[in-house]
>>> print(open('my_file15.pdb').read())   # PDB, C-alpha atoms, pLDDT in the B column
ATOM      1  CA  MET A   1      92.168 104.727 109.437  1.00 59.00           C
ATOM      2  CA  ASP A   2      93.276 104.325 105.828  1.00 80.00           C
ATOM      3  CA  GLU A   3      94.565 101.144 104.257  1.00 85.00           C
ATOM      4  CA  TYR A   4      97.616 101.370 102.029  1.00 92.00           C
ATOM      5  CA  LEU A   5     100.553  99.359 100.744  1.00 94.00           C
ATOM      6  CA  VAL A   6     104.121  99.849 101.967  1.00 95.00           C
ATOM      7  CA  PRO A   7     107.353  97.927 101.322  1.00 96.00           C
ATOM      8  CA  THR A   8     107.762  95.092 103.797  1.00 95.00           C
ATOM      9  CA  ASP A   9     111.478  95.631 104.285  1.00 95.00           C
ATOM     10  CA  TYR A  10     114.657  96.780 102.595  1.00 97.00           C
ATOM     11  CA  GLY A  11     115.033  95.188  99.169  1.00 96.00           C
ATOM     12  CA  GLN A  12     118.006  94.976  96.809  1.00 97.00           C
ATOM     13  CA  ASP A  13     118.738  93.284  93.487  1.00 97.00           C
ATOM     14  CA  GLU A  14     120.920  93.969  90.474  1.00 97.00           C
ATOM     15  CA  PHE A  15     121.561  93.050  86.851  1.00 97.00           C
ATOM     16  CA  ILE A  16     123.928  93.749  83.975  1.00 96.00           C
ATOM     17  CA  GLU A  17     122.664  95.391  80.775  1.00 96.00           C
ATOM     18  CA  LYS A  18     125.190  95.771  77.939  1.00 95.00           C
ATOM     19  CA  LYS A  19     128.048  95.826  80.447  1.00 94.00           C
ATOM     20  CA  SER A  20     126.392  98.503  82.624  1.00 95.00           C
ATOM     21  CA  ARG A  21     125.710  97.375  86.194  1.00 97.00           C
ATOM     22  CA  PHE A  22     122.362  98.450  87.660  1.00 98.00           C
ATOM     23  CA  ILE A  23     121.722  98.074  91.409  1.00 98.00           C
ATOM     24  CA  GLY A  24     118.137  98.652  92.564  1.00 97.00           C
ATOM     25  CA  ARG A  25     117.330  99.360  96.202  1.00 98.00           C
ATOM     26  CA  VAL A  26     114.079 100.098  98.048  1.00 98.00           C
ATOM     27  CA  TRP A  27     113.463 101.179 101.655  1.00 98.00           C
ATOM     28  CA  PRO A  28     110.324 101.813 103.707  1.00 96.00           C
ATOM     29  CA  VAL A  29     110.348 105.397 105.040  1.00 96.00           C
ATOM     30  CA  GLU A  30     107.925 107.535 107.016  1.00 94.00           C
ATOM     31  CA  THR A  31     109.111 111.041 106.082  1.00 95.00           C
ATOM     32  CA  GLU A  32     110.714 112.942 103.234  1.00 96.00           C
ATOM     33  CA  GLU A  33     113.737 113.523 105.484  1.00 96.00           C
ATOM     34  CA  GLU A  34     114.225 109.756 105.793  1.00 96.00           C
ATOM     35  CA  ALA A  35     113.958 109.366 102.024  1.00 97.00           C
ATOM     36  CA  LEU A  36     116.543 112.071 101.380  1.00 97.00           C
ATOM     37  CA  ALA A  37     118.857 110.524 103.969  1.00 97.00           C
ATOM     38  CA  ARG A  38     118.733 107.168 102.140  1.00 97.00           C
ATOM     39  CA  ILE A  39     119.484 108.873  98.834  1.00 97.00           C
ATOM     40  CA  GLN A  40     122.444 110.708 100.350  1.00 97.00           C
ATOM     41  CA  GLU A  41     123.667 107.464 101.896  1.00 97.00           C
ATOM     42  CA  MET A  42     123.745 105.845  98.447  1.00 97.00           C
ATOM     43  CA  ARG A  43     125.521 108.843  96.930  1.00 96.00           C
ATOM     44  CA  LYS A  44     128.263 108.467  99.531  1.00 97.00           C
ATOM     45  CA  GLN A  45     128.445 104.691  99.287  1.00 96.00           C
ATOM     46  CA  HIS A  46     128.508 104.735  95.485  1.00 96.00           C
ATOM     47  CA  TYR A  47     130.421 107.973  94.963  1.00 96.00           C
ATOM     48  CA  ASP A  48     132.201 106.306  92.040  1.00 96.00           C
ATOM     49  CA  ALA A  49     128.988 105.316  90.235  1.00 96.00           C
ATOM     50  CA  THR A  50     127.976 107.027  87.019  1.00 96.00           C
ATOM     51  CA  HIS A  51     124.460 107.759  88.294  1.00 97.00           C
ATOM     52  CA  ASN A  52     122.390 107.343  91.456  1.00 97.00           C
ATOM     53  CA  CYS A  53     118.844 107.922  90.221  1.00 97.00           C
ATOM     54  CA  TRP A  54     115.968 107.982  92.659  1.00 98.00           C
ATOM     55  CA  ALA A  55     112.243 108.340  93.301  1.00 98.00           C
ATOM     56  CA  TYR A  56     110.109 108.424  96.416  1.00 98.00           C
ATOM     57  CA  ILE A  57     106.475 108.630  97.482  1.00 97.00           C
ATOM     58  CA  ILE A  58     105.504 109.866 100.940  1.00 96.00           C
ATOM     59  CA  ARG A  59     101.848 109.292 101.761  1.00 93.00           C
ATOM     60  CA  ASP A  60     100.043 112.636 102.075  1.00 88.00           C
ATOM     61  CA  GLY A  61     103.396 114.268 101.345  1.00 91.00           C
ATOM     62  CA  ALA A  62     106.064 114.702  98.707  1.00 94.00           C
ATOM     63  CA  VAL A  63     106.380 112.713  95.480  1.00 96.00           C
ATOM     64  CA  ARG A  64     109.732 113.364  93.804  1.00 97.00           C
ATOM     65  CA  PHE A  65     112.276 111.844  91.444  1.00 97.00           C
ATOM     66  CA  SER A  66     115.649 112.577  89.841  1.00 96.00           C
ATOM     67  CA  ASP A  67     117.446 111.409  86.684  1.00 97.00           C
ATOM     68  CA  ASP A  68     120.794 112.315  88.288  1.00 95.00           C
ATOM     69  CA  GLY A  69     122.424 113.204  84.979  1.00 94.00           C
ATOM     70  CA  GLU A  70     120.729 110.640  82.761  1.00 95.00           C
ATOM     71  CA  PRO A  71     118.748 112.099  79.822  1.00 95.00           C
ATOM     72  CA  GLY A  72     115.518 113.707  81.028  1.00 93.00           C
ATOM     73  CA  GLY A  73     112.651 111.280  81.566  1.00 94.00           C
ATOM     74  CA  THR A  74     114.734 108.108  81.200  1.00 96.00           C
ATOM     75  CA  ALA A  75     115.363 107.199  84.851  1.00 96.00           C
ATOM     76  CA  GLY A  76     113.589 108.922  87.752  1.00 96.00           C
ATOM     77  CA  MET A  77     110.145 109.096  86.149  1.00 97.00           C
ATOM     78  CA  PRO A  78     110.128 105.449  85.006  1.00 97.00           C
ATOM     79  CA  MET A  79     111.176 104.455  88.526  1.00 97.00           C
ATOM     80  CA  LEU A  80     108.409 106.564  90.059  1.00 98.00           C
ATOM     81  CA  GLN A  81     105.891 104.994  87.696  1.00 97.00           C
ATOM     82  CA  VAL A  82     106.897 101.531  88.929  1.00 97.00           C
ATOM     83  CA  LEU A  83     106.234 102.574  92.540  1.00 97.00           C
ATOM     84  CA  GLN A  84     102.877 104.054  91.533  1.00 97.00           C
ATOM     85  CA  ARG A  85     101.824 101.000  89.521  1.00 96.00           C
ATOM     86  CA  GLU A  86     102.692  98.792  92.475  1.00 95.00           C
ATOM     87  CA  GLY A  87     100.467 101.001  94.649  1.00 94.00           C
ATOM     88  CA  LEU A  88     103.197 101.639  97.206  1.00 96.00           C
ATOM     89  CA  ASN A  89     103.460 104.505  99.693  1.00 96.00           C
ATOM     90  CA  ASN A  90     106.166 105.621 102.116  1.00 97.00           C
ATOM     91  CA  ILE A  91     108.873 104.247  99.869  1.00 97.00           C
ATOM     92  CA  VAL A  92     112.166 105.438  98.400  1.00 98.00           C
ATOM     93  CA  CYS A  93     113.959 103.740  95.512  1.00 98.00           C
ATOM     94  CA  VAL A  94     117.528 104.330  94.332  1.00 98.00           C
ATOM     95  CA  VAL A  95     118.918 102.706  91.194  1.00 98.00           C
ATOM     96  CA  THR A  96     122.690 102.975  90.896  1.00 98.00           C
ATOM     97  CA  ARG A  97     124.373 102.631  87.498  1.00 97.00           C
ATOM     98  CA  TYR A  98     127.989 101.842  86.736  1.00 97.00           C
ATOM     99  CA  PHE A  99     128.435 102.637  83.053  1.00 96.00           C
ATOM    100  CA  GLY A 100     129.841  99.758  81.020  1.00 93.00           C
ATOM    101  CA  GLY A 101     130.922 101.667  77.936  1.00 92.00           C
ATOM    102  CA  ILE A 102     127.953 100.879  75.691  1.00 92.00           C
ATOM    103  CA  LEU A 103     125.191 103.474  75.242  1.00 92.00           C
ATOM    104  CA  LEU A 104     121.699 102.117  75.838  1.00 94.00           C
ATOM    105  CA  GLY A 105     119.695 104.858  74.139  1.00 93.00           C
ATOM    106  CA  ALA A 106     116.623 106.489  75.651  1.00 95.00           C
ATOM    107  CA  GLY A 107     114.420 103.415  75.312  1.00 96.00           C
ATOM    108  CA  GLY A 108     117.079 101.156  76.749  1.00 96.00           C
ATOM    109  CA  LEU A 109     117.560 103.453  79.727  1.00 97.00           C
ATOM    110  CA  VAL A 110     113.830 103.563  80.455  1.00 97.00           C
ATOM    111  CA  ARG A 111     113.660  99.770  80.367  1.00 97.00           C
ATOM    112  CA  ALA A 112     116.758  99.405  82.540  1.00 97.00           C
ATOM    113  CA  TYR A 113     115.660 101.835  85.244  1.00 98.00           C
ATOM    114  CA  THR A 114     112.140 100.381  85.190  1.00 97.00           C
ATOM    115  CA  LYS A 115     113.631  96.931  85.729  1.00 97.00           C
ATOM    116  CA  GLY A 116     115.954  98.208  88.457  1.00 97.00           C
ATOM    117  CA  ALA A 117     113.021  99.619  90.422  1.00 97.00           C
ATOM    118  CA  LYS A 118     110.820  96.579  89.860  1.00 97.00           C
ATOM    119  CA  ILE A 119     113.356  93.998  91.019  1.00 97.00           C
ATOM    120  CA  ALA A 120     114.040  96.083  94.132  1.00 97.00           C
ATOM    121  CA  VAL A 121     110.307  96.278  94.903  1.00 97.00           C
ATOM    122  CA  ASP A 122     109.998  92.520  94.407  1.00 96.00           C
ATOM    123  CA  ALA A 123     112.939  91.945  96.743  1.00 96.00           C
ATOM    124  CA  ALA A 124     111.411  94.181  99.415  1.00 96.00           C
ATOM    125  CA  GLY A 125     107.920  92.674  99.279  1.00 94.00           C
ATOM    126  CA  LYS A 126     104.623  94.417  99.978  1.00 94.00           C
ATOM    127  CA  SER A 127     102.704  94.870 103.195  1.00 92.00           C
ATOM    128  CA  MET A 128      99.229  96.272 103.793  1.00 89.00           C
ATOM    129  CA  LYS A 129      98.984  98.816 106.595  1.00 90.00           C
ATOM    130  CA  ARG A 130      95.509  98.789 108.053  1.00 89.00           C
ATOM    131  CA  VAL A 131      93.476  98.338 111.223  1.00 89.00           C
ATOM    132  CA  TRP A 132      93.570  94.700 112.344  1.00 92.00           C
ATOM    133  CA  THR A 133      91.197  93.211 114.890  1.00 94.00           C
ATOM    134  CA  VAL A 134      92.852  90.771 117.277  1.00 95.00           C
ATOM    135  CA  LEU A 135      90.866  87.660 118.206  1.00 96.00           C
ATOM    136  CA  TYR A 136      91.486  84.971 120.801  1.00 96.00           C
ATOM    137  CA  LEU A 137      90.077  81.718 119.451  1.00 96.00           C
ATOM    138  CA  PRO A 138      90.257  78.426 121.383  1.00 96.00           C
ATOM    139  CA  ILE A 139      89.237  75.376 119.339  1.00 95.00           C
ATOM    140  CA  PRO A 140      89.284  71.565 119.670  1.00 95.00           C
ATOM    141  CA  TYR A 141      92.029  69.821 117.689  1.00 96.00           C
ATOM    142  CA  SER A 142      89.372  68.364 115.384  1.00 95.00           C
ATOM    143  CA  TRP A 143      88.570  71.882 114.134  1.00 95.00           C
ATOM    144  CA  TYR A 144      92.141  73.086 113.689  1.00 96.00           C
ATOM    145  CA  GLU A 145      92.665  72.459 109.963  1.00 95.00           C
ATOM    146  CA  ARG A 146      89.182  73.680 109.037  1.00 95.00           C
ATOM    147  CA  VAL A 147      89.554  76.894 111.012  1.00 95.00           C
ATOM    148  CA  LYS A 148      92.956  77.600 109.434  1.00 94.00           C
ATOM    149  CA  LEU A 149      91.342  77.421 105.991  1.00 95.00           C
ATOM    150  CA  GLU A 150      88.510  79.734 107.047  1.00 94.00           C
ATOM    151  CA  VAL A 151      90.941  82.254 108.547  1.00 94.00           C
ATOM    152  CA  ALA A 152      92.838  82.380 105.255  1.00 92.00           C
ATOM    153  CA  ALA A 153      89.610  82.674 103.258  1.00 92.00           C
ATOM    154  CA  PHE A 154      88.671  85.830 105.191  1.00 92.00           C
ATOM    155  CA  GLY A 155      92.126  87.403 104.860  1.00 89.00           C
ATOM    156  CA  GLY A 156      93.156  86.673 108.419  1.00 90.00           C
ATOM    157  CA  ILE A 157      96.594  85.934 109.859  1.00 90.00           C
ATOM    158  CA  ILE A 158      97.321  83.417 112.606  1.00 93.00           C
ATOM    159  CA  ARG A 159      99.919  85.219 114.692  1.00 91.00           C
ATOM    160  CA  ASP A 160     100.292  82.706 117.498  1.00 94.00           C
ATOM    161  CA  THR A 161      99.302  79.089 118.129  1.00 96.00           C
ATOM    162  CA  GLN A 162      99.418  77.347 121.504  1.00 95.00           C
ATOM    163  CA  PHE A 163      98.841  73.602 121.769  1.00 96.00           C
ATOM    164  CA  GLY A 164      97.389  72.517 125.111  1.00 93.00           C
ATOM    165  CA  MET A 165      94.119  70.844 126.045  1.00 93.00           C
ATOM    166  CA  ASP A 166      92.733  72.734 123.051  1.00 94.00           C
ATOM    167  CA  VAL A 167      94.403  74.722 120.301  1.00 95.00           C
ATOM    168  CA  GLU A 168      94.503  78.403 121.256  1.00 96.00           C
ATOM    169  CA  LEU A 169      94.877  80.805 118.343  1.00 96.00           C
ATOM    170  CA  GLU A 170      95.632  84.499 118.243  1.00 96.00           C
ATOM    171  CA  VAL A 171      94.244  85.675 114.926  1.00 95.00           C
ATOM    172  CA  LEU A 172      94.292  89.065 113.202  1.00 93.00           C
ATOM    173  CA  PHE A 173      91.653  90.117 110.695  1.00 91.00           C
ATOM    174  CA  PRO A 174      91.201  93.221 108.562  1.00 88.00           C
ATOM    175  CA  GLU A 175      88.616  95.289 110.402  1.00 86.00           C
ATOM    176  CA  ALA A 176      86.019  94.876 107.651  1.00 86.00           C
ATOM    177  CA  GLN A 177      86.391  91.075 107.645  1.00 90.00           C
ATOM    178  CA  THR A 178      86.092  90.502 111.391  1.00 93.00           C
ATOM    179  CA  GLN A 179      82.313  90.293 111.697  1.00 94.00           C
ATOM    180  CA  PRO A 180      81.879  88.188 108.524  1.00 94.00           C
ATOM    181  CA  PHE A 181      84.410  85.710 109.930  1.00 95.00           C
ATOM    182  CA  LEU A 182      82.674  85.626 113.319  1.00 95.00           C
ATOM    183  CA  ASP A 183      79.350  84.983 111.590  1.00 94.00           C
ATOM    184  CA  ARG A 184      80.931  82.197 109.538  1.00 94.00           C
ATOM    185  CA  LEU A 185      82.452  80.672 112.672  1.00 94.00           C
ATOM    186  CA  THR A 186      79.048  80.609 114.353  1.00 94.00           C
ATOM    187  CA  ASP A 187      77.305  79.113 111.334  1.00 94.00           C
ATOM    188  CA  MET A 188      79.789  76.364 110.530  1.00 93.00           C
ATOM    189  CA  SER A 189      80.166  75.221 114.176  1.00 93.00           C
ATOM    190  CA  ALA A 190      76.497  75.578 115.148  1.00 94.00           C
ATOM    191  CA  ALA A 191      77.643  78.182 117.687  1.00 93.00           C
ATOM    192  CA  THR A 192      79.999  75.753 119.450  1.00 93.00           C
ATOM    193  CA  LEU A 193      83.061  77.835 118.592  1.00 93.00           C
ATOM    194  CA  GLU A 194      83.423  81.367 119.929  1.00 93.00           C
ATOM    195  CA  ALA A 195      86.135  83.975 119.464  1.00 94.00           C
ATOM    196  CA  MET A 196      86.880  86.877 121.782  1.00 94.00           C
ATOM    197  CA  VAL A 197      87.960  90.290 120.477  1.00 94.00           C
ATOM    198  CA  THR A 198      90.997  91.312 122.525  1.00 94.00           C
ATOM    199  CA  GLY A 199      92.016  94.520 120.769  1.00 93.00           C
ATOM    200  CA  GLN A 200      92.934  96.356 117.588  1.00 90.00           C
ATOM    201  CA  GLU A 201      96.272  97.195 115.977  1.00 88.00           C
ATOM    202  CA  TYR A 202      97.157  99.628 113.199  1.00 89.00           C
ATOM    203  CA  ARG A 203     100.125  98.024 111.492  1.00 86.00           C
ATOM    204  CA  ALA A 204     101.430  96.423 108.325  1.00 86.00           C
ATOM    205  CA  PHE A 205     101.627  92.750 107.464  1.00 83.00           C
ATOM    206  CA  PRO A 206     102.880  91.143 104.242  1.00 83.00           C
ATOM    207  CA  VAL A 207     100.011  90.858 101.779  1.00 77.00           C
ATOM    208  CA  THR A 208     101.088  87.383 100.710  1.00 60.00           C
ATOM    209  CA  GLU A 209     101.341  86.090 104.266  1.00 44.00           C
ATOM    210  CA  THR A 210      98.157  84.333 105.341  1.00 37.00           C
ATOM    211  CA  SER A 211      99.314  81.826 107.890  1.00 35.00           C
ATOM    212  CA  LYS A 212     101.995  82.809 110.372  1.00 36.00           C
ATOM    213  CA  VAL A 213     103.779  86.013 111.321  1.00 38.00           C
ATOM    214  CA  GLU A 214     106.119  86.801 114.156  1.00 35.00           C
TER     215      GLU A 214
END
>>> encode(input="my_file15.pdb", output="structure tokens")
Amino acid sequence: MDEYLVPTDYGQDEFIEKKSRFIGRVWPVETEEEALARIQEMRKQHYDATHNCWAYIIRDGAVRFSDDGEPGGTAGMPMLQVLQREGLNNIVCVVTRYFGGILLGAGGLVRAYTKGAKIAVDAAGKSMKRVWTVLYLPIPYSWYERVKLEVAAFGGIIRDTQFGMDVELEVLFPEAQTQPFLDRLTDMSAATLEAMVTGQEYRAFPVTETSKVE
């Protein structure tokens, strides 16, 4: 299965540029219908806004954008380019503008809508959707800190930790990193530590999260 980036969650942020208020929003979506529903939701919620510009990317599907009345090429396309540069899929972005009475010019609009999309993406966060191998890994307490560092070094995520006679970890690794980690575990412990593969999951986790997820 493919690996690709998606927004972690809904994200929102805003700023004022020459008295115009820009509100950037991002949602994770699975279909074009979901994307269009979010856009329509914002049009209804901000019916009094000057513009509700948007862009979305559906993996293996539609890629579309709209300037919603702004001069051509100054809003939707710059927003789409932000999503593409960030490498995101299955995402819709809406930037709402309340005009403040001062014209920004074409360059100013491009910068404003680019910023609106970027701050929304930053607020939402990024997750990598991929196949993860699930490992059960019991270890003595003396190995706990060392193993945590090795898990992080191989791109793994400690999803659950139980403290009993030993420390019992449930760890997820990108499929391609599972065997290298198992080899490393064997080498560094002289084969005294052993992990058991308990399954696989195809799901997204935040790309900056390397320690604990719920």
>>> closest_atom_pairs(input="my_file15.pdb", of="segment 53-73 of chain A", to="segment 97-121 of chain A", cutoff="9 Å", atoms="all atoms listed in the file", output="Markdown table")
| residue | atom | partner | partner_atom | distance |
| --- | --- | --- | --- | --- |
| A:Cys53 | CA | A:Arg97 | CA | 8.1 |
| A:Glu70 | CA | A:Leu109 | CA | 8.4 |
| A:Pro71 | CA | A:Ala106 | CA | 7.3 |
| A:Gly73 | CA | A:Val110 | CA | 7.9 |
>>> axis_aligned_box(input="my_file15.pdb", around="segment 31-40 of chain A", padding_each_side="8 Å", output="JSON")
{"center_x": 115.8, "center_y": 110.3, "center_z": 102.5, "size_x": 29.3, "size_y": 22.4, "size_z": 23.2}
>>> resolve_selection(input="my_file15.pdb", expression="the PyMOL selection byres ((chain A and resi 181) around 10)", output="list in words")
Glu150, Val151, Ala153, Phe154, Gly155, Gly156, Phe173, Ala176, Gln177, Thr178, Gln179, Pro180, Leu182, Asp183, Arg184, Leu185, Thr186, Asp187 and Ala195 of chain A
>>> closest_residue(input="my_file15.pdb", among="A:Ala55, A:Met77, A:Ile91, A:Met188", to="Glu30 of chain A", atoms="only C-alpha atoms")
A:Ile91
>>> residues_around(input="my_file15.pdb", residues="segment 41-46 of chain A", least_positions_apart="3", cutoff="12 Å", atoms="only C-alpha atoms", output="ChimeraX atom specification")
/A:22-27,34-38,49-54,68,92-98
>>> closest_residue(input="my_file15.pdb", among="A:Ile39, A:Leu169, A:Arg203, A:Lys19", to="Phe65 of chain A", atoms="all atoms listed in the file")
A:Ile39
>>> atom_distance(input="my_file15.pdb", atom1="atom CA of Ala152 of chain A", atom2="atom CA of Gly164 of chain A")
22.6 Å
